[in-house]
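Heads up, target-v4.pdb below (PDB, C-alpha atoms, pLDDT in the B column):
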MODEL        1
ATOM      1  CA  MET A   1       0.000   0.000   0.000  1.00 31.00           C
ATOM      2  CA  LYS A   2       0.975   3.604  -0.413  1.00 33.00           C
ATOM      3  CA  SER A   3       2.642   5.404   2.461  1.00 36.00           C
ATOM      4  CA  LYS A   4       1.006   8.770   1.888  1.00 37.00           C
ATOM      5  CA  GLY A   5      -0.292   8.945   5.442  1.00 39.00           C
ATOM      6  CA  ASP A   6      -3.933   8.638   4.379  1.00 48.00           C
ATOM      7  CA  ASN A   7      -6.428   5.934   3.577  1.00 53.00           C
ATOM      8  CA  SER A   8      -7.002   6.956  -0.037  1.00 70.00           C
ATOM      9  CA  ILE A   9      -6.226   3.526  -1.501  1.00 88.00           C
ATOM     10  CA  MET A  10      -9.401   1.968  -2.826  1.00 95.00           C
ATOM     11  CA  ASN A  11      -9.343  -1.819  -2.807  1.00 95.00           C
ATOM     12  CA  LYS A  12     -11.783  -4.213  -4.478  1.00 96.00           C
ATOM     13  CA  GLN A  13     -14.455  -3.894  -1.785  1.00 96.00           C
ATOM     14  CA  ASP A  14     -14.082  -0.096  -1.761  1.00 96.00           C
ATOM     15  CA  ILE A  15     -14.714  -0.056  -5.523  1.00 97.00           C
ATOM     16  CA  TYR A  16     -17.826  -2.233  -5.102  1.00 97.00           C
ATOM     17  CA  ASN A  17     -19.084   0.040  -2.301  1.00 97.00           C
ATOM     18  CA  TYR A  18     -18.392   3.163  -4.386  1.00 97.00           C
ATOM     19  CA  LEU A  19     -20.365   1.805  -7.356  1.00 98.00           C
ATOM     20  CA  LYS A  20     -23.285   0.765  -5.149  1.00 97.00           C
ATOM     21  CA  GLU A  21     -23.361   4.013  -3.132  1.00 97.00           C
ATOM     22  CA  ASN A  22     -23.357   6.066  -6.337  1.00 96.00           C
ATOM     23  CA  ASN A  23     -26.051   3.919  -7.993  1.00 97.00           C
ATOM     24  CA  ILE A  24     -23.776   3.059 -10.904  1.00 98.00           C
ATOM     25  CA  TRP A  25     -24.963   0.061 -12.919  1.00 98.00           C
ATOM     26  CA  HIS A  26     -22.416  -2.724 -12.865  1.00 98.00           C
ATOM     27  CA  GLU A  27     -22.061  -6.478 -13.005  1.00 97.00           C
ATOM     28  CA  ILE A  28     -19.290  -8.401 -11.287  1.00 97.00           C
ATOM     29  CA  THR A  29     -17.555 -11.541 -12.536  1.00 95.00           C
ATOM     30  CA  GLU A  30     -15.391 -13.091  -9.832  1.00 94.00           C
ATOM     31  CA  HIS A  31     -12.611 -15.326 -11.216  1.00 93.00           C
ATOM     32  CA  LYS A  32      -9.165 -16.710 -10.516  1.00 92.00           C
ATOM     33  CA  ALA A  33      -6.342 -14.179 -10.565  1.00 89.00           C
ATOM     34  CA  VAL A  34      -5.454 -13.330 -14.162  1.00 88.00           C
ATOM     35  CA  TYR A  35      -2.290 -11.545 -15.225  1.00 83.00           C
ATOM     36  CA  ASN A  36      -2.806 -11.132 -18.972  1.00 79.00           C
ATOM     37  CA  MET A  37      -5.406 -11.335 -21.703  1.00 80.00           C
ATOM     38  CA  ALA A  38      -4.584 -14.991 -22.482  1.00 84.00           C
ATOM     39  CA  GLU A  39      -5.452 -15.972 -18.910  1.00 83.00           C
ATOM     40  CA  LEU A  40      -8.624 -13.859 -18.999  1.00 83.00           C
ATOM     41  CA  ALA A  41      -9.656 -15.638 -22.216  1.00 83.00           C
ATOM     42  CA  GLU A  42      -9.911 -18.846 -20.164  1.00 87.00           C
ATOM     43  CA  VAL A  43     -12.541 -17.207 -17.919  1.00 86.00           C
ATOM     44  CA  ASP A  44     -16.197 -17.370 -18.893  1.00 87.00           C
ATOM     45  CA  THR A  45     -17.265 -13.718 -19.012  1.00 88.00           C
ATOM     46  CA  PRO A  46     -20.671 -12.323 -19.962  1.00 91.00           C
ATOM     47  CA  TYR A  47     -19.312  -9.606 -22.281  1.00 93.00           C
ATOM     48  CA  PRO A  48     -16.059 -10.830 -23.886  1.00 90.00           C
ATOM     49  CA  GLU A  49     -16.293  -8.114 -26.562  1.00 91.00           C
ATOM     50  CA  ALA A  50     -15.983  -5.515 -23.763  1.00 93.00           C
ATOM     51  CA  ASP A  51     -12.847  -6.941 -22.114  1.00 93.00           C
ATOM     52  CA  ALA A  52     -10.300  -4.189 -21.593  1.00 94.00           C
ATOM     53  CA  LYS A  53      -6.527  -4.401 -21.887  1.00 93.00           C
ATOM     54  CA  ASN A  54      -4.677  -1.750 -19.903  1.00 95.00           C
ATOM     55  CA  LEU A  55      -1.172  -0.499 -20.594  1.00 96.00           C
ATOM     56  CA  PHE A  56       0.544   1.608 -17.936  1.00 97.00           C
ATOM     57  CA  VAL A  57       3.425   3.425 -19.603  1.00 97.00           C
ATOM     58  CA  ARG A  58       5.727   6.336 -18.920  1.00 97.00           C
ATOM     59  CA  ASP A  59       7.789   8.720 -20.992  1.00 96.00           C
ATOM     60  CA  ASP A  60      11.566   8.526 -21.265  1.00 95.00           C
ATOM     61  CA  LYS A  61      12.007  11.277 -18.657  1.00 94.00           C
ATOM     62  CA  LYS A  62       9.849   9.319 -16.144  1.00 92.00           C
ATOM     63  CA  LYS A  63       7.768  12.466 -15.623  1.00 92.00           C
ATOM     64  CA  ASN A  64       4.558  11.646 -17.482  1.00 96.00           C
ATOM     65  CA  PHE A  65       2.528   8.504 -16.944  1.00 97.00           C
ATOM     66  CA  TYR A  66      -0.179   7.208 -19.259  1.00 98.00           C
ATOM     67  CA  LEU A  67      -2.877   4.594 -18.910  1.00 98.00           C
ATOM     68  CA  ILE A  68      -4.019   3.324 -22.285  1.00 97.00           C
ATOM     69  CA  THR A  69      -7.189   1.207 -22.193  1.00 97.00           C
ATOM     70  CA  VAL A  70      -8.144  -0.717 -25.332  1.00 95.00           C
ATOM     71  CA  ARG A  71     -10.268  -3.709 -26.239  1.00 92.00           C
ATOM     72  CA  GLY A  72      -8.594  -6.928 -25.211  1.00 89.00           C
ATOM     73  CA  ASP A  73      -7.988  -8.146 -28.760  1.00 87.00           C
ATOM     74  CA  LYS A  74      -6.137  -4.996 -29.856  1.00 91.00           C
ATOM     75  CA  ARG A  75      -2.412  -4.364 -29.956  1.00 90.00           C
ATOM     76  CA  VAL A  76      -0.990  -0.944 -29.185  1.00 93.00           C
ATOM     77  CA  ASN A  77       2.036   0.259 -31.099  1.00 94.00           C
ATOM     78  CA  LEU A  78       3.655   2.695 -28.647  1.00 94.00           C
ATOM     79  CA  LYS A  79       5.616   4.461 -31.405  1.00 94.00           C
ATOM     80  CA  GLU A  80       2.404   5.127 -33.350  1.00 94.00           C
ATOM     81  CA  PHE A  81       0.607   6.134 -30.141  1.00 95.00           C
ATOM     82  CA  ARG A  82       3.429   8.568 -29.389  1.00 94.00           C
ATOM     83  CA  LYS A  83       3.219  10.169 -32.843  1.00 94.00           C
ATOM     84  CA  ALA A  84      -0.580  10.418 -32.753  1.00 94.00           C
ATOM     85  CA  ASN A  85      -0.676  11.922 -29.248  1.00 95.00           C
ATOM     86  CA  GLY A  86       2.471  14.047 -29.172  1.00 94.00           C
ATOM     87  CA  THR A  87       4.225  12.316 -26.289  1.00 95.00           C
ATOM     88  CA  ARG A  88       7.884  11.697 -25.640  1.00 95.00           C
ATOM     89  CA  PRO A  89       9.172   8.137 -26.248  1.00 96.00           C
ATOM     90  CA  LEU A  90       7.187   5.631 -24.177  1.00 97.00           C
ATOM     91  CA  SER A  91       7.984   2.423 -22.349  1.00 96.00           C
ATOM     92  CA  PHE A  92       6.235   0.343 -19.734  1.00 96.00           C
ATOM     93  CA  ALA A  93       6.251   1.798 -16.245  1.00 97.00           C
ATOM     94  CA  SER A  94       7.774  -0.242 -13.436  1.00 97.00           C
ATOM     95  CA  ALA A  95       5.886  -2.284 -10.856  1.00 96.00           C
ATOM     96  CA  GLU A  96       7.170   0.244  -8.300  1.00 97.00           C
ATOM     97  CA  ASN A  97       5.618   3.140 -10.279  1.00 96.00           C
ATOM     98  CA  LEU A  98       2.378   1.184 -10.533  1.00 96.00           C
ATOM     99  CA  MET A  99       2.235   0.644  -6.761  1.00 96.00           C
ATOM    100  CA  ASP A 100       3.336   4.201  -5.918  1.00 95.00           C
ATOM    101  CA  ILE A 101       0.843   5.922  -8.218  1.00 96.00           C
ATOM    102  CA  MET A 102      -2.182   3.603  -8.349  1.00 96.00           C
ATOM    103  CA  GLY A 103      -1.626   1.208  -5.444  1.00 95.00           C
ATOM    104  CA  LEU A 104      -1.826  -1.739  -7.845  1.00 95.00           C
ATOM    105  CA  ILE A 105       0.224  -4.811  -8.654  1.00 94.00           C
ATOM    106  CA  PRO A 106       1.096  -5.964 -12.188  1.00 92.00           C
ATOM    107  CA  GLY A 107      -1.879  -7.813 -13.642  1.00 91.00           C
ATOM    108  CA  ALA A 108      -4.377  -5.622 -11.775  1.00 94.00           C
ATOM    109  CA  VAL A 109      -3.967  -2.496 -13.904  1.00 96.00           C
ATOM    110  CA  THR A 110      -7.315  -0.780 -14.416  1.00 97.00           C
ATOM    111  CA  PRO A 111      -8.767   2.670 -15.045  1.00 98.00           C
ATOM    112  CA  LEU A 112     -10.332   2.385 -11.577  1.00 98.00           C
ATOM    113  CA  GLY A 113      -6.786   2.566 -10.207  1.00 97.00           C
ATOM    114  CA  ILE A 114      -6.834   6.211 -11.291  1.00 97.00           C
ATOM    115  CA  LEU A 115      -9.082   6.803  -8.275  1.00 96.00           C
ATOM    116  CA  ASN A 116      -5.944   6.186  -6.173  1.00 96.00           C
ATOM    117  CA  ASP A 117      -3.851   8.708  -8.157  1.00 96.00           C
ATOM    118  CA  THR A 118      -4.124  11.563  -5.676  1.00 92.00           C
ATOM    119  CA  GLU A 119      -1.278  13.474  -7.315  1.00 93.00           C
ATOM    120  CA  LYS A 120      -2.983  13.453 -10.745  1.00 95.00           C
ATOM    121  CA  LYS A 121       0.046  11.975 -12.505  1.00 95.00           C
ATOM    122  CA  ILE A 122      -1.826   9.788 -14.989  1.00 97.00           C
ATOM    123  CA  HIS A 123      -3.003  10.821 -18.443  1.00 97.00           C
ATOM    124  CA  PHE A 124      -5.863   8.477 -19.380  1.00 98.00           C
ATOM    125  CA  TYR A 125      -6.500   7.367 -22.966  1.00 98.00           C
ATOM    126  CA  LEU A 126      -9.568   5.266 -23.706  1.00 98.00           C
ATOM    127  CA  ASP A 127     -10.264   3.472 -26.963  1.00 96.00           C
ATOM    128  CA  LYS A 128     -13.418   5.129 -28.283  1.00 95.00           C
ATOM    129  CA  HIS A 129     -14.596   1.765 -29.599  1.00 94.00           C
ATOM    130  CA  PHE A 130     -15.850   1.048 -26.071  1.00 96.00           C
ATOM    131  CA  LEU A 131     -18.607   3.596 -26.770  1.00 96.00           C
ATOM    132  CA  GLU A 132     -19.985   1.407 -29.583  1.00 95.00           C
ATOM    133  CA  GLU A 133     -22.693  -1.176 -28.842  1.00 93.00           C
ATOM    134  CA  PRO A 134     -23.030  -2.622 -26.269  1.00 94.00           C
ATOM    135  CA  GLY A 135     -21.344   0.451 -24.725  1.00 97.00           C
ATOM    136  CA  LEU A 136     -19.706  -1.571 -21.963  1.00 97.00           C
ATOM    137  CA  VAL A 137     -16.192  -1.979 -20.626  1.00 97.00           C
ATOM    138  CA  GLY A 138     -14.854  -4.739 -18.387  1.00 96.00           C
ATOM    139  CA  VAL A 139     -12.136  -3.655 -15.961  1.00 96.00           C
ATOM    140  CA  HIS A 140     -10.580  -4.963 -12.769  1.00 96.00           C
ATOM    141  CA  PRO A 141     -11.852  -3.473  -9.477  1.00 97.00           C
ATOM    142  CA  ASN A 142      -8.239  -2.706  -8.397  1.00 96.00           C
ATOM    143  CA  ASP A 143      -7.725  -6.451  -8.016  1.00 95.00           C
ATOM    144  CA  ASN A 144      -7.178  -9.084 -10.706  1.00 94.00           C
ATOM    145  CA  THR A 145      -9.555 -11.642  -9.155  1.00 95.00           C
ATOM    146  CA  ALA A 146     -12.648 -10.024 -10.641  1.00 95.00           C
ATOM    147  CA  THR A 147     -13.907  -8.034 -13.598  1.00 96.00           C
ATOM    148  CA  VAL A 148     -16.455  -5.256 -13.193  1.00 97.00           C
ATOM    149  CA  TRP A 149     -18.635  -4.501 -16.193  1.00 97.00           C
ATOM    150  CA  LEU A 150     -19.583  -0.837 -16.464  1.00 98.00           C
ATOM    151  CA  LYS A 151     -21.265   1.366 -19.015  1.00 98.00           C
ATOM    152  CA  THR A 152     -18.403   3.109 -20.771  1.00 98.00           C
ATOM    153  CA  GLU A 153     -20.013   6.499 -20.217  1.00 98.00           C
ATOM    154  CA  ASP A 154     -20.169   5.800 -16.467  1.00 98.00           C
ATOM    155  CA  LEU A 155     -16.463   4.913 -16.408  1.00 98.00           C
ATOM    156  CA  ILE A 156     -15.647   8.175 -18.184  1.00 98.00           C
ATOM    157  CA  ARG A 157     -17.772  10.128 -15.707  1.00 97.00           C
ATOM    158  CA  ILE A 158     -16.129   8.411 -12.711  1.00 97.00           C
ATOM    159  CA  ILE A 159     -12.641   9.274 -13.972  1.00 97.00           C
ATOM    160  CA  GLU A 160     -13.620  12.877 -14.772  1.00 97.00           C
ATOM    161  CA  GLU A 161     -15.278  13.306 -11.367  1.00 95.00           C
ATOM    162  CA  HIS A 162     -11.915  12.367  -9.859  1.00 94.00           C
ATOM    163  CA  GLU A 163     -10.351  15.285 -11.758  1.00 94.00           C
ATOM    164  CA  HIS A 164      -8.605  13.324 -14.473  1.00 95.00           C
ATOM    165  CA  ASP A 165      -9.077  14.012 -18.149  1.00 94.00           C
ATOM    166  CA  VAL A 166     -10.229  11.226 -20.441  1.00 97.00           C
ATOM    167  CA  THR A 167      -8.874  11.355 -23.969  1.00 97.00           C
ATOM    168  CA  LEU A 168     -10.827   9.217 -26.433  1.00 97.00           C
ATOM    169  CA  VAL A 169      -8.602   7.711 -29.104  1.00 95.00           C
ATOM    170  CA  SER A 170      -9.075   5.393 -32.051  1.00 90.00           C
ATOM    171  CA  LEU A 171      -6.574   2.562 -31.767  1.00 79.00           C
ATOM    172  CA  ASP A 172      -7.052   0.283 -34.750  1.00 69.00           C
TER     173      ASP A 172
ENDMDL
END
Mind turning this structure into structure tokens?
Amino acid sequence: MKSKGDNSIMNKQDIYNYLKENNIWHEITEHKAVYNMAELAEVDTPYPEADAKNLFVRDDKKKNFYLITVRGDKRVNLKEFRKANGTRPLSFASAENLMDIMGLIPGAVTPLGILNDTEKKIHFYLDKHFLEEPGLVGVHPNDNTATVWLKTEDLIRIIEEHEHDVTLVSLD
């Protein structure tokens, strides 16, 4: 956990409570811990077309951090992403960065981890294809032993309400 001297880290149960308290429609699929899309493919999920893959990357100066969320079957070319979005060269952030900024372990990366980013370090990029029918996205609830299915528009609102910008991108 973070050592920021506060209790701002939201765990799986905190995420569930937050969604319920705010009357946000969601479905939960509990499953074994999964660490990549291949392992998730072995899990029977109700909305496989809405599975999200999350890349937590940083620039070469280690000053800017990015969370890129795309459909699970897509590949992200970081060089093309950099050109399209005007960033410095990108590479994957370390497990230490992931824990320090979002309070997450590798394999549990999720846009809901942004709720733990109290210093507003993360730039969030969401594949706009999640807005297409059925308009759902499946993300971890800050823990890789479950997937929470949300309406994409609700996810965007949650992130924006926590004072982070959401940049919609087309990653084909």
Starting from the shown file, work through the PyMOL selection byres ((chain A and resi 157-168) around 6) and note down what comes out as a list in words.
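Answer for the PyMOL selection byres ((chain A and resi 157-168) around 6): Phe124, Tyr125, Leu126, Asp127, Lys128, Asp154, Leu155, Ile156 and Val169 of chain A.
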For the file shown, report as JSON, numbers by chain the outcome of the PyMOL selection byres ((chain A and resi 171) around 10) at residue level.
{"A": [68, 69, 70, 71, 74, 75, 76, 77, 80, 81, 84, 126, 127, 128, 129, 168, 169, 170, 172]}
What lies within 7 Å of segment 107-123 of chain A using only C-alpha atoms, ignoring chain neighbours under 5 positions off, as a PDB file with C-alpha atoms, keeping the file's coordinate frame?
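Below is the file that was written, around.pdb:
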ATOM      1  CA  SER A   8      -7.002   6.956  -0.037  1.00 70.00           C
ATOM      2  CA  ILE A   9      -6.226   3.526  -1.501  1.00 88.00           C
ATOM      3  CA  MET A  10      -9.401   1.968  -2.826  1.00 95.00           C
ATOM      4  CA  VAL A  34      -5.454 -13.330 -14.162  1.00 88.00           C
ATOM      5  CA  TYR A  35      -2.290 -11.545 -15.225  1.00 83.00           C
ATOM      6  CA  ASN A  36      -2.806 -11.132 -18.972  1.00 79.00           C
ATOM      7  CA  ASN A  54      -4.677  -1.750 -19.903  1.00 95.00           C
ATOM      8  CA  ASN A  64       4.558  11.646 -17.482  1.00 96.00           C
ATOM      9  CA  PHE A  65       2.528   8.504 -16.944  1.00 97.00           C
ATOM     10  CA  TYR A  66      -0.179   7.208 -19.259  1.00 98.00           C
ATOM     11  CA  LEU A  67      -2.877   4.594 -18.910  1.00 98.00           C
ATOM     12  CA  ILE A 101       0.843   5.922  -8.218  1.00 96.00           C
ATOM     13  CA  MET A 102      -2.182   3.603  -8.349  1.00 96.00           C
ATOM     14  CA  VAL A 139     -12.136  -3.655 -15.961  1.00 96.00           C
ATOM     15  CA  HIS A 140     -10.580  -4.963 -12.769  1.00 96.00           C
ATOM     16  CA  PRO A 141     -11.852  -3.473  -9.477  1.00 97.00           C
ATOM     17  CA  ASN A 142      -8.239  -2.706  -8.397  1.00 96.00           C
ATOM     18  CA  ASP A 143      -7.725  -6.451  -8.016  1.00 95.00           C
ATOM     19  CA  ASN A 144      -7.178  -9.084 -10.706  1.00 94.00           C
ATOM     20  CA  HIS A 162     -11.915  12.367  -9.859  1.00 94.00           C
ATOM     21  CA  HIS A 164      -8.605  13.324 -14.473  1.00 95.00           C
ATOM     22  CA  ASP A 165      -9.077  14.012 -18.149  1.00 94.00           C
TER      23      ASP A 165
END
Point out the residue among A:His26, A:Lys83, A:Lys20, A:Lys62 with the least atom-to-atom distance to Thr147 of chain A, counting only C-alpha atoms.
A:His26
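Atom CA of Ala52 of chain A to atom CA of Pro89 of chain A spans 23.5 Å [interatomic distance, one decimal].
Within the file as shown, the PyMOL selection byres ((chain A and resi 50) around 6) identifies Tyr47, Pro48, Glu49, Asp51, Leu136, Val137 and Gly138 of chain A.
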Each side padded by 4 Å, which centre and which edge lengths in Å (one decimal) define the axis-aligned box around the listed atoms of segment 38-54 of chain A? Give them as JSON.
{"center_x": -12.6, "center_y": -10.3, "center_z": -22.2, "size_x": 24.1, "size_y": 25.1, "size_z": 16.6}
